[in-house]
file protein-v1.cif (mmCIF, C-alpha atoms)
data_upload
loop_
_atom_site.label_atom_id
_atom_site.label_comp_id
_atom_site.auth_asym_id
_atom_site.auth_seq_id
_atom_site.Cartn_x
_atom_site.Cartn_y
_atom_site.Cartn_z
CA MET A 1304 4.47 16.66 -22.99
CA ASN A 1305 2.39 15.59 -25.99
CA ARG A 1306 3.28 15.82 -29.71
CA LYS A 1307 1.76 19.29 -30.20
CA GLU A 1308 3.45 20.65 -27.06
CA TYR A 1309 6.80 19.24 -28.22
CA ILE A 1310 6.47 20.80 -31.70
CA ASN A 1311 5.57 24.17 -30.15
CA PHE A 1312 8.46 23.79 -27.68
CA THR A 1313 10.97 23.24 -30.47
CA ARG A 1314 9.55 26.11 -32.55
CA THR A 1315 9.67 28.71 -29.83
CA ASN A 1316 12.37 27.68 -27.40
CA ASN A 1317 16.06 28.23 -28.06
CA GLU A 1318 16.95 27.14 -24.54
CA PRO A 1319 19.49 24.34 -24.05
CA ILE A 1320 18.03 20.84 -24.42
CA ASN A 1321 19.19 18.18 -21.98
CA MET A 1322 19.22 14.87 -23.83
CA LYS A 1323 19.40 13.04 -20.50
CA ASN A 1324 15.76 14.05 -20.03
CA PRO A 1325 14.01 10.85 -21.18
CA GLU A 1326 10.83 12.66 -22.26
CA ILE A 1327 12.76 15.07 -24.52
CA ALA A 1328 14.95 12.27 -25.88
CA ARG A 1329 11.87 10.19 -26.69
CA TRP A 1330 10.18 13.05 -28.55
CA MET A 1331 13.35 13.92 -30.46
CA ASP A 1332 13.65 10.29 -31.57
CA GLU A 1333 9.97 9.99 -32.48
CA MET A 1334 9.98 13.21 -34.49
CA ALA A 1335 13.20 12.21 -36.28
CA ILE A 1336 11.64 8.87 -37.26
CA GLU A 1337 8.50 10.68 -38.45
CA SER A 1338 10.53 13.07 -40.61
CA GLN A 1339 12.55 10.16 -42.05
CA SER A 1340 9.30 8.48 -43.04
CA GLN A 1341 8.10 11.70 -44.72
CA LEU A 1342 11.46 12.09 -46.50
CA VAL A 1343 11.29 8.57 -47.95
CA LYS A 1344 7.95 9.52 -49.51
CA LEU A 1345 9.17 12.95 -50.63
CA ASN A 1346 12.37 11.76 -52.26
CA GLN A 1347 10.52 9.29 -54.49
CA LEU A 1348 8.31 11.95 -56.09
CA SER A 1349 8.74 13.59 -59.47
CA ASP A 1350 5.55 15.66 -59.78
CA LYS A 1351 5.83 19.33 -58.69
CA ALA A 1352 2.36 19.44 -57.09
CA LYS A 1353 2.99 16.23 -55.14
CA ILE A 1354 6.42 17.47 -54.03
CA LEU A 1355 4.81 20.67 -52.74
CA LYS A 1356 2.11 18.73 -50.87
CA GLN A 1357 4.63 16.35 -49.28
CA PHE A 1358 6.86 19.29 -48.31
CA GLU A 1359 3.83 20.84 -46.59
CA ILE A 1360 3.35 17.63 -44.60
CA LEU A 1361 7.05 17.50 -43.72
CA THR A 1362 7.21 21.15 -42.59
CA ASP A 1363 3.69 21.31 -41.14
CA GLN A 1364 2.90 24.53 -43.01
CA LYS A 1365 1.10 25.79 -46.09
CA LEU A 1366 3.62 26.68 -48.80
CA ASP A 1367 3.24 29.04 -51.72
CA GLU A 1368 2.90 27.34 -55.10
CA SER A 1369 6.03 29.20 -56.24
CA PHE A 1370 8.21 27.00 -53.98
CA ARG A 1371 10.50 24.60 -55.84
CA CYS A 1372 12.78 21.87 -54.59
CA PHE A 1373 14.92 19.49 -56.65
CA LEU A 1374 15.20 16.19 -54.86
CA PRO A 1375 16.63 14.51 -52.91
CA PHE A 1376 16.25 16.67 -49.82
CA TYR A 1377 17.16 15.76 -46.23
CA THR A 1378 16.29 17.12 -42.79
CA ASP A 1379 16.37 15.83 -39.24
CA TYR A 1380 12.99 17.26 -38.23
CA GLY A 1381 11.22 19.39 -40.84
CA LYS A 1382 8.77 21.14 -38.52
CA ASN A 1383 11.11 24.10 -37.87
CA ILE A 1384 11.71 25.09 -41.49
CA GLN A 1385 9.83 28.23 -42.54
CA ILE A 1386 9.78 28.90 -46.29
CA GLY A 1387 8.74 32.09 -48.05
CA LYS A 1388 7.52 32.66 -51.61
CA ASN A 1389 9.63 32.02 -54.72
CA VAL A 1390 12.17 29.95 -52.78
CA PHE A 1391 14.27 27.41 -54.67
CA ILE A 1392 16.19 24.57 -52.99
CA ASN A 1393 18.48 22.53 -55.22
CA LYS A 1394 19.24 18.83 -54.77
CA ASN A 1395 21.11 17.09 -51.96
CA CYS A 1396 20.58 19.77 -49.32
CA ASN A 1397 20.71 18.72 -45.68
CA PHE A 1398 18.93 20.89 -43.10
CA GLN A 1399 19.31 20.28 -39.37
CA ASP A 1400 16.33 22.39 -38.40
CA ARG A 1401 15.73 21.64 -34.70
CA GLY A 1402 16.92 25.16 -33.88
CA GLY A 1403 14.87 26.70 -36.67
CA ILE A 1404 15.54 27.72 -40.26
CA GLU A 1405 13.82 30.75 -41.83
CA ILE A 1406 14.11 31.07 -45.60
CA HIS A 1407 12.70 34.37 -46.82
CA ASP A 1408 11.09 35.21 -50.16
CA GLY A 1409 13.19 34.79 -53.28
CA ALA A 1410 16.06 32.90 -51.63
CA LEU A 1411 18.04 30.48 -53.80
CA ILE A 1412 19.84 27.56 -52.20
CA GLY A 1413 22.37 25.64 -54.30
CA MET A 1414 23.17 21.94 -54.39
CA ASN A 1415 24.71 20.17 -51.39
CA VAL A 1416 24.09 23.00 -48.91
CA ASN A 1417 24.29 22.03 -45.25
CA ILE A 1418 22.54 24.09 -42.59
CA ALA A 1419 23.21 23.28 -38.94
CA THR A 1420 21.18 24.73 -36.08
CA LEU A 1421 22.47 22.71 -33.12
CA ASN A 1422 25.66 22.61 -31.10
CA HIS A 1423 26.63 20.29 -28.25
CA GLY A 1424 28.26 21.30 -25.01
CA ILE A 1425 32.03 21.77 -25.38
CA LYS A 1426 33.08 19.94 -22.23
CA PRO A 1427 32.86 16.13 -22.52
CA ASN A 1428 30.52 15.91 -19.52
CA GLU A 1429 28.18 18.46 -21.19
CA ARG A 1430 27.94 16.91 -24.66
CA HIS A 1431 24.45 15.61 -23.86
CA ILE A 1432 23.26 19.24 -23.79
CA ILE A 1433 22.13 20.58 -27.16
CA TYR A 1434 22.13 24.32 -27.88
CA PRO A 1435 19.68 25.28 -30.66
CA GLN A 1436 20.24 28.48 -32.65
CA ARG A 1437 18.07 29.70 -35.52
CA VAL A 1438 19.51 30.26 -39.01
CA VAL A 1439 17.90 33.03 -41.09
CA ILE A 1440 18.35 33.36 -44.85
CA GLY A 1441 17.27 36.82 -45.98
CA LYS A 1442 15.10 37.88 -48.88
CA ASN A 1443 16.69 37.21 -52.30
CA ALA A 1444 19.83 35.71 -50.75
CA TRP A 1445 21.74 33.24 -52.93
CA ILE A 1446 23.52 30.37 -51.20
CA GLY A 1447 26.03 28.73 -53.55
CA SER A 1448 26.62 25.00 -53.97
CA GLY A 1449 28.39 23.19 -51.16
CA VAL A 1450 27.99 25.97 -48.59
CA THR A 1451 27.85 25.09 -44.89
CA ILE A 1452 25.95 27.46 -42.58
CA LEU A 1453 26.57 27.10 -38.85
CA PRO A 1454 24.08 27.65 -35.99
CA GLY A 1455 22.87 31.16 -35.19
CA VAL A 1456 23.90 32.72 -38.52
CA THR A 1457 21.75 35.36 -40.25
CA ILE A 1458 22.31 36.08 -43.94
CA GLY A 1459 21.20 39.53 -45.03
CA GLU A 1460 18.88 40.46 -47.85
CA ASN A 1461 20.32 40.11 -51.40
CA THR A 1462 23.57 38.60 -50.09
CA ILE A 1463 25.51 35.93 -51.99
CA ILE A 1464 27.44 33.18 -50.21
CA ALA A 1465 29.96 31.78 -52.71
CA ALA A 1466 30.14 28.06 -53.46
CA GLY A 1467 32.07 26.01 -50.91
CA ALA A 1468 32.07 28.68 -48.21
CA ILE A 1469 31.66 27.89 -44.53
CA LEU A 1470 29.62 30.64 -42.91
CA THR A 1471 30.37 30.91 -39.20
CA LYS A 1472 29.12 34.48 -38.58
CA ASN A 1473 26.34 36.75 -39.77
CA ALA A 1474 26.55 38.03 -43.33
CA GLU A 1475 25.57 41.66 -44.02
CA GLU A 1476 22.92 42.48 -46.59
CA ASN A 1477 23.90 43.37 -50.19
CA SER A 1478 27.29 41.65 -49.92
CA ILE A 1479 29.28 38.70 -51.24
CA TYR A 1480 30.99 36.29 -48.84
CA ALA A 1481 33.48 33.57 -49.76
CA GLY A 1482 36.07 31.27 -48.22
CA VAL A 1483 36.68 29.09 -45.20
CA PRO A 1484 35.70 30.60 -42.89
CA ALA A 1485 33.64 32.92 -45.09
CA LYS A 1486 34.58 36.58 -45.16
CA LYS A 1487 33.02 39.55 -46.90
CA ILE A 1488 34.76 40.11 -50.23
CA LYS A 1489 32.53 42.66 -51.93
CA ASN A 1490 29.55 45.00 -51.58
CA LEU A 1491 26.76 44.65 -54.13
#
call {"tool": "encode", "arguments": {"input": "protein-v1.cif", "output": "structure tokens"}}
result
Amino acid sequence: MNRKEYINFTRTNNEPINMKNPEIARWMDEMAIESQSQLVKLNQLSDKAKILKQFEILTDQKLDESFRCFLPFYTDYGKNIQIGKNVFINKNCNFQDRGGIEIHDGALIGMNVNIATLNHGIKPNERHIIYPQRVVIGKNAWIGSGVTILPGVTIGENTIIAAGAILTKNAEENSIYAGVPAKKIKNL
């Protein structure tokens, strides 16, 4: 497997990943080191155009000029983050994007938001198996400060996730969710 094949594999395959496979483990390590190198460059910038360009390198995609991110920003991979138009990401966010993160147009992501897309096997002898699951943030969703989003969660269009919530399940569109674990508290 070469670099391009590995990137395509991680973008399209939500099958379990066996970390005892030396080829997969090597590529995961190499891509993590590459993203760390890109993040060091990114997190030293203060010019909007340069931040956009570096984010394009990190995510391996062309981004709309309306994208904004307040730094610092952290991710374990970068290549599996898809970002729509008019997206805003506030500072100190940490995205574990190996399983994929889709952020649709107009989404707002508050400070200190954590998005996880991987789980390990539950049994001790299966912890080397990683289970990727995509996280989807719908159009015009607003993710409050300090929210944690767990693997496989989809947040509906226009939905608000209140600050400090831990979202363990899908959130319906046009709703407000709050709490630990987050529950629907109101329709919009």
call {"tool": "resolve_selection", "arguments": {"input": "protein-v1.cif", "expression": "the PyMOL selection byres ((chain A and resi 1417-1423) around 10)", "output": "PyMOL selection string"}}
result
chain A and resi 1317+1319-1321+1377-1378+1395-1404+1412-1416+1424-1427+1429-1438+1448-1456+1469-1470
call {"tool": "atom_distance", "arguments": {"input": "protein-v1.cif", "atom1": "atom CA of A:Lys1442", "atom2": "atom CA of A:Asn1461"}}
result
6.2 Å
call {"tool": "residues_near_point", "arguments": {"input": "protein-v1.cif", "point": "(7.6, 21.3, -39.0)", "cutoff": "7 Å", "atoms": "all atoms listed in the file", "output": "PyMOL selection string"}}
result
chain A and resi 1361-1364+1380-1384
call {"tool": "atom_distance", "arguments": {"input": "protein-v1.cif", "atom1": "atom CA of A:Ile1458", "atom2": "atom CA of A:Glu1359"}}
result
24.1 Å
call {"tool": "resolve_selection", "arguments": {"input": "protein-v1.cif", "expression": "the PyMOL selection byres ((chain A and resi 1407) around 9)", "output": "ChimeraX atom specification"}}
result
/A:1385-1390,1405-1406,1408-1410,1439-1444,1460
call {"tool": "closest_residue", "arguments": {"input": "protein-v1.cif", "among": "A:Gly1447, A:Pro1375, A:Gly1482, A:Pro1325", "to": "A:Thr1462", "atoms": "only C-alpha atoms"}}
result
A:Gly1447
call {"tool": "closest_residue", "arguments": {"input": "protein-v1.cif", "among": "A:Leu1355, A:Lys1365, A:Gln1347, A:Met1331", "to": "A:Phe1391", "atoms": "all atoms listed in the file"}}
result
A:Leu1355
call {"tool": "atom_distance", "arguments": {"input": "protein-v1.cif", "atom1": "atom CA of A:Ser1338", "atom2": "atom CA of A:Thr1471"}}
result
26.7 Å
call {"tool": "resolve_selection", "arguments": {"input": "protein-v1.cif", "expression": "the PyMOL selection byres ((chain A and resi 1475) around 10)", "output": "PDB file with C-alpha atoms, in the coordinates of the input"}}
result
ATOM      1  CA  GLY A1441      17.270  36.820 -45.980  1.00  0.00           C
ATOM      2  CA  THR A1457      21.750  35.360 -40.250  1.00  0.00           C
ATOM      3  CA  ILE A1458      22.310  36.080 -43.940  1.00  0.00           C
ATOM      4  CA  GLY A1459      21.200  39.530 -45.030  1.00  0.00           C
ATOM      5  CA  GLU A1460      18.880  40.460 -47.850  1.00  0.00           C
ATOM      6  CA  ASN A1461      20.320  40.110 -51.400  1.00  0.00           C
ATOM      7  CA  THR A1462      23.570  38.600 -50.090  1.00  0.00           C
ATOM      8  CA  ILE A1463      25.510  35.930 -51.990  1.00  0.00           C
ATOM      9  CA  LYS A1472      29.120  34.480 -38.580  1.00  0.00           C
ATOM     10  CA  ASN A1473      26.340  36.750 -39.770  1.00  0.00           C
ATOM     11  CA  ALA A1474      26.550  38.030 -43.330  1.00  0.00           C
ATOM     12  CA  GLU A1476      22.920  42.480 -46.590  1.00  0.00           C
ATOM     13  CA  ASN A1477      23.900  43.370 -50.190  1.00  0.00           C
ATOM     14  CA  SER A1478      27.290  41.650 -49.920  1.00  0.00           C
ATOM     15  CA  ILE A1479      29.280  38.700 -51.240  1.00  0.00           C
ATOM     16  CA  TYR A1480      30.990  36.290 -48.840  1.00  0.00           C
ATOM     17  CA  LYS A1487      33.020  39.550 -46.900  1.00  0.00           C
ATOM     18  CA  ASN A1490      29.550  45.000 -51.580  1.00  0.00           C
TER      19      ASN A1490
END
call {"tool": "decode", "arguments": {"input": "protein-v1.cif", "residues": "stretch 1414-1430 of chain A", "atoms": "C-alpha atoms", "output": "mmCIF file, in the first residue's frame"}}
result
data_model
loop_
_atom_site.group_PDB
_atom_site.id
_atom_site.type_symbol
_atom_site.label_atom_id
_atom_site.label_comp_id
_atom_site.auth_asym_id
_atom_site.auth_seq_id
_atom_site.Cartn_x
_atom_site.Cartn_y
_atom_site.Cartn_z
ATOM 1 C CA MET A 1414 -13.797 26.582 21.597
ATOM 2 C CA ASN A 1415 -12.360 23.366 23.023
ATOM 3 C CA VAL A 1416 -14.601 21.020 21.027
ATOM 4 C CA ASN A 1417 -13.426 17.414 20.821
ATOM 5 C CA ILE A 1418 -14.572 15.154 17.997
ATOM 6 C CA ALA A 1419 -13.699 11.457 18.180
ATOM 7 C CA THR A 1420 -14.163 9.067 15.266
ATOM 8 C CA LEU A 1421 -12.403 5.945 16.552
ATOM 9 C CA ASN A 1422 -13.160 3.289 19.137
ATOM 10 C CA HIS A 1423 -11.035 0.349 20.246
ATOM 11 C CA GLY A 1424 -12.229 -3.190 20.788
ATOM 12 C CA ILE A 1425 -13.916 -3.632 24.178
ATOM 13 C CA LYS A 1426 -12.248 -6.905 25.141
ATOM 14 C CA PRO A 1427 -8.619 -6.502 26.268
ATOM 15 C CA ASN A 1428 -7.387 -8.928 23.606
ATOM 16 C CA GLU A 1429 -9.186 -6.850 20.918
ATOM 17 C CA ARG A 1430 -7.952 -3.376 21.889
#
